[in-house]
Amino acid sequence: MHIFSTKKDLINCILTHKANNRSIGFVPTMGALHKGHLSLISTAKKKNDIVVVSIFVNPTQFDNVEDLKKYPKTLEKDIKLLKTVSCDIVFTPSVEEIYAENIVSETFSFDGLENQMEGKFRDGHFNGVATIVKTFFEIVQPNKAYFGQKDFQQLQIIKKMVKKNRLPVKIKGCPIYRDEDGLAMSSRNIRMSKEQREVAPFIYKTLKKVKKKFGTKNVTEINEWVKDQFKKQPLLELEYFTIAEEKTLETAEIKESGKKYRAFIAVFAGKIRLIDNIRLKK
Ligand code: PAF
């Protein structure tokens, strides 16, 4: 496994693989790797000759300084894990290597996707994500890039950014990887206290019940029901719950035929923010 921290060294290596007609799969991460990341890498391994993983805590996508400071950094452990899934190349640049003196985002338009859900609560977040993902695509030049569906809005936004900028990369959304008790895997999970971790599976349990209710109840009834459930959970604070159309991510007021829906949720366990979502069937 090769580890590069400069763009120049990585690009030289990539160009050699390209010259040999090897396909490149890319998994961008912010480190603190877990089984969810490893499953993305294993999928990428099956479909590409070479897999590149980046580990970079991107400052421009954090709207909260505290969250950025506390973001877990476990590089040595990450490298060991990456060897277990036969990752080929790891890119671990510094902030200066990527942004030089200018730690700011580009401004994008994602045709309104950015104004929904996470966009309402995390100022500038998606400009930061799109800036770093576009930069990495330019450096890594992947044929395919892999993203988890836990960050479903991010996935849709990256697809939109790729389409609008006509970038030559296929975006692959992969299923949410869950712990045995249903909690969606996230690098932030390790920051929870024992008590918070014990109650956190309530999020997915609630989403599964929402999926059942969606067959018989209307959207307003479900929204009210979810709010009530979280009022009974002192360790979890509901930030938002929304049923939205998959394509536009616009909040659904009523169920329309021919449209696909998902339920999206953001919850605080103390200061740790957890998100999740589930596909709904009418
Ligand atoms: O999903 C993440 O971990 C990050 O948003 C990403 C895509 C690696 C960009 O920093």
# chains A, B, ... in the order shown; residues from 1 in each chain; ligands from 1

call {"tool": "residues_around", "arguments": {"residues": "Thr60 (chain A)", "least_positions_apart": "4", "cutoff": "9 Å", "atoms": "only C-alpha atoms", "output": "list in words"}}
result
Ile103, Val104, Ser105, Gly124, His125, Asn127, Gly128, Val129, Thr131 and Ile132 of chain A

call {"tool": "residues_near_ligand", "arguments": {"ligand": "ligand 1", "cutoff": "8 Å", "atoms": "only C-alpha atoms and all ligand atoms", "output": "list of chain:residue names"}}
result
A:Val27, A:Pro28, A:Thr29, A:Met30, A:Gly31, A:Ser54, A:Ile55, A:Phe56, A:Val57, A:Asn58, A:Gln61, A:Gly128, A:Val129, A:Ala130, A:Ile132, A:Val133, A:Phe147, A:Gly148, A:Asp151, A:Gln154

call {"tool": "residues_around", "arguments": {"residues": "Lys134 (chain A)", "least_positions_apart": "2", "cutoff": "12 Å", "atoms": "only C-alpha atoms", "output": "NGL selection string"}}
result
:A and (28 or 98 or 105-106 or 108 or 126-132 or 136-142 or 145 or 157-169)

call {"tool": "closest_residue", "arguments": {"among": "A:Thr74, A:Asn64, A:Asn218, A:Thr16", "to": "Arg122 (chain A)", "atoms": "only C-alpha atoms"}}
result
A:Asn64

call {"tool": "atom_distance", "arguments": {"atom1": "CA of Asp88 (chain A)", "atom2": "CA of Ala32 (chain A)"}}
result
18.3 Å

call {"tool": "select_by_dssp", "arguments": {"residues": "region 10-82 of chain A", "states": "alpha helix (DSSP H)", "output": "VMD selection string"}}
result
chain A and resid 10 to 19 35 to 47 65 to 70 75 to 82

call {"tool": "select_by_dssp", "arguments": {"residues": "region 17-265 of chain A", "states": "strand (DSSP E)", "output": "ChimeraX atom specification"}}
result
/A:24-29,50-55,89-91,144-148,170-174,237-245,261-265

call {"tool": "residues_around", "arguments": {"residues": "Tyr177 (chain A)", "least_positions_apart": "5", "cutoff": "8 Å", "atoms": "only C-alpha atoms", "output": "PyMOL selection string"}}
result
chain A and resi 35-36+39+184-185

call {"tool": "closest_residue", "arguments": {"among": "A:Leu274, A:Arg279, A:Ile41, A:Lys120", "to": "Arg188 (chain A)", "atoms": "only C-alpha atoms"}}
result
A:Leu274

call {"tool": "residues_around", "arguments": {"residues": "region 262-268 of chain A", "least_positions_apart": "5", "cutoff": "10 Å", "atoms": "only C-alpha atoms", "output": "ChimeraX atom specification"}}
result
/A:117-118,121,150-153,196,200,203-204,206-208,210-211,214,223,226,230,235-247,249,251-252,273-281

call {"tool": "closest_residue", "arguments": {"among": "A:Ile89, A:Leu113, A:Leu81, A:Leu155", "to": "Ser5 (chain A)", "atoms": "only C-alpha atoms"}}
result
A:Ile89
